[in-house]
file data32.cif (mmCIF, C-alpha atoms)
data_work
loop_
_atom_site.label_atom_id
_atom_site.label_comp_id
_atom_site.auth_asym_id
_atom_site.auth_seq_id
_atom_site.Cartn_x
_atom_site.Cartn_y
_atom_site.Cartn_z
CA MET T 1 -55.74 -12.44 -15.19
CA ASN T 2 -58.20 -11.62 -12.40
CA LEU T 3 -57.82 -8.85 -9.83
CA SER T 4 -56.65 -11.30 -7.21
CA ASP T 5 -53.77 -12.50 -9.39
CA SER T 6 -52.82 -8.91 -10.23
CA SER T 7 -52.75 -7.98 -6.55
CA LYS T 8 -50.55 -10.98 -5.75
CA GLU T 9 -48.06 -10.01 -8.47
CA LYS T 10 -47.85 -6.45 -7.14
CA ASN T 11 -47.26 -7.71 -3.60
CA MET T 12 -44.56 -10.11 -4.80
CA TYR T 13 -42.89 -7.28 -6.74
CA LYS T 14 -42.89 -5.02 -3.66
CA TYR T 15 -41.56 -7.84 -1.49
CA SER T 16 -38.81 -8.62 -4.00
CA ASN T 17 -37.75 -4.96 -4.15
CA LYS T 18 -37.78 -4.72 -0.37
CA ARG T 19 -35.59 -7.80 -0.02
CA LYS T 20 -33.20 -6.46 -2.64
CA ALA T 21 -32.92 -3.11 -0.85
CA GLN T 22 -32.31 -4.85 2.46
CA ALA T 23 -29.57 -6.98 0.91
CA GLU T 24 -27.88 -3.92 -0.61
CA ASN T 25 -28.04 -2.09 2.73
CA THR T 26 -26.57 -5.09 4.57
CA LYS T 27 -23.71 -5.40 2.08
CA TRP T 28 -22.99 -1.67 2.24
CA ASN T 29 -23.04 -1.78 6.06
CA ILE T 30 -20.47 -4.59 6.04
CA TYR T 31 -18.29 -2.74 3.52
CA VAL T 32 -18.34 0.57 5.43
CA ASN T 33 -17.50 -1.02 8.77
CA ALA T 34 -14.80 -3.22 7.26
CA ARG T 35 -13.15 -0.27 5.54
CA ARG T 36 -13.23 1.71 8.80
CA LEU T 37 -11.52 -1.16 10.62
CA PHE T 38 -8.95 -1.57 7.83
CA ASN T 39 -8.10 2.14 8.09
CA GLU T 40 -7.87 2.03 11.89
CA LYS T 41 -5.97 -1.23 12.37
CA GLY T 42 -4.54 -2.20 9.00
CA PHE T 43 -6.00 -4.73 6.60
CA TYR T 44 -4.04 -7.73 7.85
CA ASN T 45 -4.84 -7.02 11.50
CA VAL T 46 -8.61 -7.22 11.08
CA THR T 47 -10.54 -10.49 11.36
CA MET T 48 -13.89 -11.47 9.90
CA ASP T 49 -15.19 -11.83 13.46
CA GLU T 50 -14.35 -8.17 14.15
CA ILE T 51 -16.06 -7.07 10.96
CA ALA T 52 -19.15 -9.07 11.87
CA GLU T 53 -19.27 -7.66 15.40
CA ASN T 54 -18.89 -4.07 14.19
CA SER T 55 -21.45 -4.58 11.43
CA GLY T 56 -24.03 -6.18 13.72
CA VAL T 57 -24.28 -9.32 11.58
CA SER T 58 -23.07 -12.90 11.77
CA VAL T 59 -19.84 -14.09 10.17
CA GLY T 60 -22.00 -16.32 7.96
CA THR T 61 -23.80 -13.23 6.64
CA ILE T 62 -20.47 -11.67 5.65
CA TYR T 63 -19.46 -14.81 3.77
CA TYR T 64 -22.81 -14.71 1.96
CA TYR T 65 -21.76 -11.40 0.38
CA TYR T 66 -17.97 -11.69 0.35
CA LYS T 67 -15.70 -14.72 -0.01
CA ASN T 68 -12.85 -13.07 1.90
CA LYS T 69 -11.48 -9.75 3.16
CA LYS T 70 -9.88 -8.98 -0.19
CA GLU T 71 -13.28 -9.07 -1.87
CA ILE T 72 -14.49 -6.49 0.64
CA ILE T 73 -11.67 -4.07 -0.02
CA ALA T 74 -11.93 -4.72 -3.76
CA ASP T 75 -15.50 -3.43 -3.67
CA TYR T 76 -14.05 0.07 -3.45
CA HIS T 77 -14.47 0.57 -7.20
CA GLN T 78 -18.16 1.30 -6.59
CA GLU T 79 -17.19 4.10 -4.22
CA LEU T 80 -14.76 5.43 -6.81
CA ASP T 81 -17.36 5.37 -9.58
CA SER T 82 -19.70 7.44 -7.43
CA ALA T 83 -16.95 10.05 -6.98
CA TYR T 84 -16.11 10.01 -10.72
CA SER T 85 -19.75 10.52 -11.68
CA GLN T 86 -20.18 13.39 -9.25
CA TYR T 87 -17.01 15.11 -10.48
CA TYR T 88 -18.05 14.66 -14.11
CA HIS T 89 -21.47 16.22 -13.55
CA ASP T 90 -20.44 18.90 -11.05
CA VAL T 91 -17.20 20.02 -12.72
CA ILE T 92 -16.74 18.80 -16.29
CA LEU T 93 -20.36 19.46 -17.33
CA ALA T 94 -20.62 22.68 -15.30
CA PRO T 95 -21.08 26.00 -17.19
CA GLY T 96 -17.64 27.24 -16.15
CA PHE T 97 -15.99 24.29 -17.88
CA GLU T 98 -17.90 24.37 -21.17
CA ASP T 99 -15.31 26.54 -22.93
CA LYS T 100 -12.41 24.26 -22.00
CA SER T 101 -10.86 22.12 -24.72
CA THR T 102 -11.68 18.43 -24.82
CA ILE T 103 -8.02 17.68 -24.05
CA GLU T 104 -8.21 19.82 -20.90
CA LYS T 105 -11.43 18.06 -19.86
CA LEU T 106 -9.73 14.70 -20.34
CA LEU T 107 -6.61 15.82 -18.47
CA GLN T 108 -8.50 17.09 -15.43
CA THR T 109 -10.76 14.02 -15.34
CA ILE T 110 -7.88 11.54 -15.55
CA ILE T 111 -5.90 13.42 -12.89
CA PHE T 112 -8.99 13.39 -10.66
CA ILE T 113 -9.24 9.62 -11.17
CA CYS T 114 -5.63 9.24 -10.02
CA GLU T 115 -6.17 11.48 -7.00
CA THR T 116 -9.39 9.74 -5.96
CA THR T 117 -7.89 6.27 -6.26
CA ALA T 118 -4.80 7.31 -4.34
CA GLY T 119 -7.10 8.80 -1.71
CA GLN T 120 -8.18 5.28 -0.82
CA GLY T 121 -4.72 4.71 0.61
CA LEU T 122 -1.51 2.90 -0.25
CA GLU T 123 -2.59 -0.34 1.38
CA ASN T 124 -5.78 -0.42 -0.66
CA ILE T 125 -3.91 -0.16 -3.98
CA ARG T 126 -1.25 -2.67 -2.91
CA ILE T 127 -3.96 -5.22 -2.12
CA VAL T 128 -6.48 -4.58 -4.88
CA TYR T 129 -4.17 -4.47 -7.92
CA PRO T 130 -2.60 -7.91 -7.29
CA TYR T 131 -6.06 -9.28 -6.47
CA MET T 132 -7.31 -8.00 -9.82
CA MET T 133 -4.58 -9.94 -11.59
CA ARG T 134 -5.50 -13.17 -9.80
CA ASN T 135 -9.28 -12.91 -9.94
CA GLU T 136 -10.78 -12.90 -13.43
CA ASP T 137 -14.33 -12.19 -12.23
CA PHE T 138 -13.26 -9.09 -10.35
CA SER T 139 -11.07 -7.93 -13.23
CA ALA T 140 -13.99 -8.31 -15.65
CA LYS T 141 -16.22 -6.30 -13.30
CA VAL T 142 -13.68 -3.49 -13.02
CA MET T 143 -13.19 -3.34 -16.80
CA HIS T 144 -16.89 -3.64 -17.71
CA LYS T 145 -17.93 -1.14 -20.37
CA ASP T 146 -20.97 -0.02 -18.34
CA ARG T 147 -18.91 1.20 -15.37
CA PRO T 148 -19.24 4.98 -14.90
CA TYR T 149 -15.45 5.18 -15.25
CA MET T 150 -15.68 3.65 -18.72
CA ARG T 151 -18.74 5.64 -19.79
CA ILE T 152 -17.18 8.96 -18.75
CA LEU T 153 -13.95 8.32 -20.67
CA HIS T 154 -15.94 7.04 -23.65
CA HIS T 155 -17.99 10.24 -23.74
CA LEU T 156 -14.95 12.51 -23.43
CA PHE T 157 -12.92 10.71 -26.10
CA SER T 158 -15.98 10.66 -28.38
CA GLU T 159 -16.32 14.42 -27.93
CA ALA T 160 -12.59 14.88 -28.61
CA GLN T 161 -12.84 12.91 -31.85
CA ALA T 162 -16.03 14.70 -32.91
CA LYS T 163 -14.30 18.08 -32.48
CA GLY T 164 -11.17 16.90 -34.27
CA ASP T 165 -8.91 17.18 -31.23
CA VAL T 166 -8.13 13.46 -31.36
CA GLY T 167 -7.85 11.47 -34.57
CA ALA T 168 -10.55 8.97 -35.43
CA ASP T 169 -7.98 6.43 -36.62
CA VAL T 170 -7.61 5.06 -33.09
CA GLY T 171 -10.65 3.33 -31.61
CA ILE T 172 -12.13 4.69 -28.40
CA ALA T 173 -11.78 1.31 -26.70
CA GLN T 174 -8.02 1.48 -27.34
CA LEU T 175 -7.83 5.06 -26.04
CA ILE T 176 -9.60 4.04 -22.84
CA SER T 177 -7.33 1.01 -22.48
CA GLU T 178 -4.21 3.16 -22.90
CA THR T 179 -5.53 5.72 -20.42
CA THR T 180 -6.21 2.97 -17.89
CA MET T 181 -2.65 1.69 -18.33
CA LEU T 182 -1.34 5.20 -17.70
CA VAL T 183 -3.44 5.61 -14.55
CA ARG T 184 -2.39 2.25 -13.12
CA GLY T 185 1.25 2.84 -14.00
CA CYS T 186 1.22 6.23 -12.27
CA LEU T 187 -0.45 4.81 -9.17
CA ILE T 188 1.88 1.83 -8.93
CA GLU T 189 4.92 4.11 -9.20
CA TRP T 190 3.36 6.42 -6.62
CA CYS T 191 2.97 3.43 -4.29
CA ILE T 192 6.59 2.38 -4.88
CA ALA T 193 7.60 5.92 -3.95
CA GLY T 194 5.82 5.40 -0.65
CA GLY T 195 2.87 7.61 -1.47
CA GLY T 196 4.90 10.66 -0.53
CA PRO T 197 4.69 12.79 -3.69
CA ASP T 198 1.59 14.86 -4.43
CA VAL T 199 -0.44 12.66 -6.78
CA ARG T 200 -1.42 15.48 -9.15
CA SER T 201 2.15 16.69 -9.70
CA PHE T 202 3.40 13.09 -9.81
CA CYS T 203 1.03 12.08 -12.65
CA TYR T 204 0.45 15.36 -14.49
CA HIS T 205 3.40 15.42 -16.89
CA LEU T 206 3.01 11.85 -18.15
CA ILE T 207 -0.74 12.08 -18.66
CA ASN T 208 -0.55 15.52 -20.27
CA THR T 209 2.23 14.32 -22.61
CA TYR T 210 0.08 11.36 -23.70
CA LEU T 211 -2.94 13.57 -24.42
CA GLN T 212 -0.91 16.21 -26.23
CA GLY T 213 0.63 13.41 -28.26
CA LEU T 214 -2.84 12.41 -29.44
CA THR T 215 -3.40 15.99 -30.60
CA LEU T 216 -0.05 16.17 -32.39
CA ALA T 217 -0.67 12.81 -34.07
CA LYS T 218 -3.99 14.16 -35.37
CA HIS T 219 -2.34 17.19 -36.97
CA SER T 220 0.84 15.54 -38.21
#

call {"tool": "encode", "arguments": {"input": "data32.cif", "output": "structure tokens"}}
result
Amino acid sequence: MNLSDSSKEKNMYKYSNKRKAQAENTKWNIYVNARRLFNEKGFYNVTMDEIAENSGVSVGTIYYYYKNKKEIIADYHQELDSAYSQYYHDVILAPGFEDKSTIEKLLQTIIFICETTAGQGLENIRIVYPYMMRNEDFSAKVMHKDRPYMRILHHLFSEAQAKGDVGADVGIAQLISETTMLVRGCLIEWCIAGGGPDVRSFCYHLINTYLQGLTLAKHS
């Protein structure tokens, strides 16, 4: 390969990265403006034309990134993962938390997940959960093992098993699946209750009972 070819490859690489960054910025801009409109006016009262106007793009550009409004609101899991990751590093891995038991770390993390999801609003949960059941691609994305949500729970349950707080007879994938069922069940019931109860107090007993049950099962 001569110097000219090498220079062309570098330029193409830079151009490709620039285009990718621009696309990510455009998609994020659409998402942020759409979510703001959904919060201000209600999901069903917002049109694609309004989202386009507020985002400074064409309606065609929105459809390039999202098939419909539900896909926009469903993209919230990326926002959640960012919050989960920050909490995990800033709280769970912080020096003040190092002496806590693995069960306590799991409890506080799972409660935080419930609180953060609920913080997106009742309407968000009522739209996204049914959409997840109807859309296999979105469901697969949400349940992908490389999601920060999955990696955090995997690490915590691995630590719990390594320290003997949770038995090794149950696979970590099953533990994560059961935890996810608990979280969704709590949030659905919270929605049915109109979102009135404090999420932490609403979910705490059930989640703590499940985790303590894992400890008891280990020592029985």

call {"tool": "closest_residue", "arguments": {"input": "data32.cif", "among": "T:Lys105, T:Lys141, T:His89, T:Arg200", "to": "Tyr76 in chain T", "atoms": "only C-alpha atoms"}}
result
T:Lys141

call {"tool": "residues_around", "arguments": {"input": "data32.cif", "residues": "range 42-45 of chain T", "least_positions_apart": "6", "cutoff": "9 Å", "atoms": "only C-alpha atoms", "output": "ChimeraX atom specification"}}
result
/T:34-35,69-70,73,123-124,127

call {"tool": "closest_residue", "arguments": {"input": "data32.cif", "among": "T:Val91, T:Ile103, T:Leu211, T:Val142", "to": "Glu159 in chain T", "atoms": "only C-alpha atoms"}}
result
T:Ile103

call {"tool": "axis_aligned_box", "arguments": {"input": "data32.cif", "around": "range 154-173 of chain T", "padding_each_side": "4 Å", "output": "JSON"}}
result
{"center_x": -12.8, "center_y": 9.7, "center_z": -30.0, "size_x": 18.4, "size_y": 24.8, "size_z": 21.2}

call {"tool": "atom_distance", "arguments": {"input": "data32.cif", "atom1": "CA of Ala23 in chain T", "atom2": "CA of Thr61 in chain T"}}
result
10.3 Å

call {"tool": "build_atoms", "arguments": {"input": "data32.cif", "residues": "range 49-74 of chain T", "atoms": "N, CA, C and O atoms", "output": "PDB file, in the coordinates of the input"}}
result
ATOM      1  N   ASP T  49     -14.389 -11.923  12.242  1.00  0.00           N
ATOM      2  CA  ASP T  49     -15.190 -11.830  13.460  1.00  0.00           C
ATOM      3  C   ASP T  49     -15.355 -10.372  13.891  1.00  0.00           C
ATOM      4  O   ASP T  49     -16.443  -9.961  14.318  1.00  0.00           O
ATOM      5  N   GLU T  50     -14.289  -9.586  13.785  1.00  0.00           N
ATOM      6  CA  GLU T  50     -14.350  -8.170  14.150  1.00  0.00           C
ATOM      7  C   GLU T  50     -15.281  -7.405  13.210  1.00  0.00           C
ATOM      8  O   GLU T  50     -16.049  -6.545  13.642  1.00  0.00           O
ATOM      9  N   ILE T  51     -15.188  -7.735  11.944  1.00  0.00           N
ATOM     10  CA  ILE T  51     -16.060  -7.070  10.960  1.00  0.00           C
ATOM     11  C   ILE T  51     -17.511  -7.387  11.253  1.00  0.00           C
ATOM     12  O   ILE T  51     -18.378  -6.502  11.222  1.00  0.00           O
ATOM     13  N   ALA T  52     -17.791  -8.652  11.559  1.00  0.00           N
ATOM     14  CA  ALA T  52     -19.150  -9.070  11.870  1.00  0.00           C
ATOM     15  C   ALA T  52     -19.679  -8.348  13.107  1.00  0.00           C
ATOM     16  O   ALA T  52     -20.812  -7.836  13.123  1.00  0.00           O
ATOM     17  N   GLU T  53     -18.857  -8.303  14.155  1.00  0.00           N
ATOM     18  CA  GLU T  53     -19.270  -7.660  15.400  1.00  0.00           C
ATOM     19  C   GLU T  53     -19.569  -6.175  15.179  1.00  0.00           C
ATOM     20  O   GLU T  53     -20.567  -5.644  15.676  1.00  0.00           O
ATOM     21  N   ASN T  54     -18.708  -5.497  14.435  1.00  0.00           N
ATOM     22  CA  ASN T  54     -18.890  -4.070  14.190  1.00  0.00           C
ATOM     23  C   ASN T  54     -20.029  -3.772  13.212  1.00  0.00           C
ATOM     24  O   ASN T  54     -20.550  -2.662  13.196  1.00  0.00           O
ATOM     25  N   SER T  55     -20.376  -4.758  12.416  1.00  0.00           N
ATOM     26  CA  SER T  55     -21.450  -4.580  11.430  1.00  0.00           C
ATOM     27  C   SER T  55     -22.800  -5.016  11.972  1.00  0.00           C
ATOM     28  O   SER T  55     -23.842  -4.773  11.342  1.00  0.00           O
ATOM     29  N   GLY T  56     -22.784  -5.711  13.127  1.00  0.00           N
ATOM     30  CA  GLY T  56     -24.030  -6.180  13.720  1.00  0.00           C
ATOM     31  C   GLY T  56     -24.646  -7.339  12.962  1.00  0.00           C
ATOM     32  O   GLY T  56     -25.870  -7.500  12.935  1.00  0.00           O
ATOM     33  N   VAL T  57     -23.787  -8.147  12.317  1.00  0.00           N
ATOM     34  CA  VAL T  57     -24.280  -9.320  11.580  1.00  0.00           C
ATOM     35  C   VAL T  57     -23.431 -10.533  11.962  1.00  0.00           C
ATOM     36  O   VAL T  57     -22.414 -10.401  12.650  1.00  0.00           O
ATOM     37  N   SER T  58     -23.843 -11.694  11.505  1.00  0.00           N
ATOM     38  CA  SER T  58     -23.070 -12.900  11.770  1.00  0.00           C
ATOM     39  C   SER T  58     -21.941 -13.034  10.761  1.00  0.00           C
ATOM     40  O   SER T  58     -21.983 -12.428   9.680  1.00  0.00           O
ATOM     41  N   VAL T  59     -20.930 -13.835  11.109  1.00  0.00           N
ATOM     42  CA  VAL T  59     -19.840 -14.090  10.170  1.00  0.00           C
ATOM     43  C   VAL T  59     -20.379 -14.770   8.922  1.00  0.00           C
ATOM     44  O   VAL T  59     -19.934 -14.497   7.797  1.00  0.00           O
ATOM     45  N   GLY T  60     -21.387 -15.632   9.103  1.00  0.00           N
ATOM     46  CA  GLY T  60     -22.000 -16.320   7.960  1.00  0.00           C
ATOM     47  C   GLY T  60     -22.621 -15.337   6.980  1.00  0.00           C
ATOM     48  O   GLY T  60     -22.571 -15.551   5.761  1.00  0.00           O
ATOM     49  N   THR T  61     -23.197 -14.262   7.511  1.00  0.00           N
ATOM     50  CA  THR T  61     -23.800 -13.230   6.640  1.00  0.00           C
ATOM     51  C   THR T  61     -22.726 -12.555   5.801  1.00  0.00           C
ATOM     52  O   THR T  61     -22.929 -12.289   4.612  1.00  0.00           O
ATOM     53  N   ILE T  62     -21.571 -12.284   6.404  1.00  0.00           N
ATOM     54  CA  ILE T  62     -20.470 -11.670   5.650  1.00  0.00           C
ATOM     55  C   ILE T  62     -20.034 -12.582   4.514  1.00  0.00           C
ATOM     56  O   ILE T  62     -19.857 -12.147   3.371  1.00  0.00           O
ATOM     57  N   TYR T  63     -19.898 -13.876   4.814  1.00  0.00           N
ATOM     58  CA  TYR T  63     -19.460 -14.810   3.770  1.00  0.00           C
ATOM     59  C   TYR T  63     -20.515 -15.002   2.688  1.00  0.00           C
ATOM     60  O   TYR T  63     -20.204 -15.470   1.588  1.00  0.00           O
ATOM     61  N   TYR T  64     -21.752 -14.646   2.976  1.00  0.00           N
ATOM     62  CA  TYR T  64     -22.810 -14.710   1.960  1.00  0.00           C
ATOM     63  C   TYR T  64     -22.541 -13.658   0.877  1.00  0.00           C
ATOM     64  O   TYR T  64     -22.802 -13.895  -0.307  1.00  0.00           O
ATOM     65  N   TYR T  65     -22.006 -12.501   1.307  1.00  0.00           N
ATOM     66  CA  TYR T  65     -21.760 -11.400   0.380  1.00  0.00           C
ATOM     67  C   TYR T  65     -20.324 -11.344  -0.131  1.00  0.00           C
ATOM     68  O   TYR T  65     -20.071 -10.895  -1.248  1.00  0.00           O
ATOM     69  N   TYR T  66     -19.389 -11.769   0.710  1.00  0.00           N
ATOM     70  CA  TYR T  66     -17.970 -11.690   0.350  1.00  0.00           C
ATOM     71  C   TYR T  66     -17.255 -12.999   0.689  1.00  0.00           C
ATOM     72  O   TYR T  66     -17.424 -13.533   1.777  1.00  0.00           O
ATOM     73  N   LYS T  67     -16.430 -13.463  -0.237  1.00  0.00           N
ATOM     74  CA  LYS T  67     -15.700 -14.720  -0.010  1.00  0.00           C
ATOM     75  C   LYS T  67     -14.561 -14.534   0.995  1.00  0.00           C
ATOM     76  O   LYS T  67     -14.201 -15.471   1.708  1.00  0.00           O
ATOM     77  N   ASN T  68     -13.988 -13.330   1.028  1.00  0.00           N
ATOM     78  CA  ASN T  68     -12.850 -13.070   1.900  1.00  0.00           C
ATOM     79  C   ASN T  68     -12.688 -11.562   2.088  1.00  0.00           C
ATOM     80  O   ASN T  68     -13.429 -10.770   1.496  1.00  0.00           O
ATOM     81  N   LYS T  69     -11.709 -11.175   2.896  1.00  0.00           N
ATOM     82  CA  LYS T  69     -11.480  -9.750   3.160  1.00  0.00           C
ATOM     83  C   LYS T  69     -11.064  -8.991   1.897  1.00  0.00           C
ATOM     84  O   LYS T  69     -11.393  -7.824   1.733  1.00  0.00           O
ATOM     85  N   LYS T  70     -10.338  -9.652   1.016  1.00  0.00           N
ATOM     86  CA  LYS T  70      -9.880  -8.980  -0.190  1.00  0.00           C
ATOM     87  C   LYS T  70     -11.049  -8.603  -1.092  1.00  0.00           C
ATOM     88  O   LYS T  70     -11.001  -7.584  -1.785  1.00  0.00           O
ATOM     89  N   GLU T  71     -12.095  -9.410  -1.078  1.00  0.00           N
ATOM     90  CA  GLU T  71     -13.280  -9.070  -1.870  1.00  0.00           C
ATOM     91  C   GLU T  71     -13.967  -7.832  -1.300  1.00  0.00           C
ATOM     92  O   GLU T  71     -14.553  -7.043  -2.038  1.00  0.00           O
ATOM     93  N   ILE T  72     -13.891  -7.677   0.021  1.00  0.00           N
ATOM     94  CA  ILE T  72     -14.490  -6.490   0.640  1.00  0.00           C
ATOM     95  C   ILE T  72     -13.751  -5.234   0.194  1.00  0.00           C
ATOM     96  O   ILE T  72     -14.359  -4.272  -0.275  1.00  0.00           O
ATOM     97  N   ILE T  73     -12.448  -5.257   0.335  1.00  0.00           N
ATOM     98  CA  ILE T  73     -11.670  -4.070  -0.020  1.00  0.00           C
ATOM     99  C   ILE T  73     -11.699  -3.812  -1.527  1.00  0.00           C
ATOM    100  O   ILE T  73     -11.622  -2.669  -1.971  1.00  0.00           O
ATOM    101  N   ALA T  74     -11.873  -4.872  -2.308  1.00  0.00           N
ATOM    102  CA  ALA T  74     -11.930  -4.720  -3.760  1.00  0.00           C
ATOM    103  C   ALA T  74     -13.229  -4.043  -4.210  1.00  0.00           C
ATOM    104  O   ALA T  74     -13.314  -3.511  -5.321  1.00  0.00           O
TER     105      ALA T  74
END
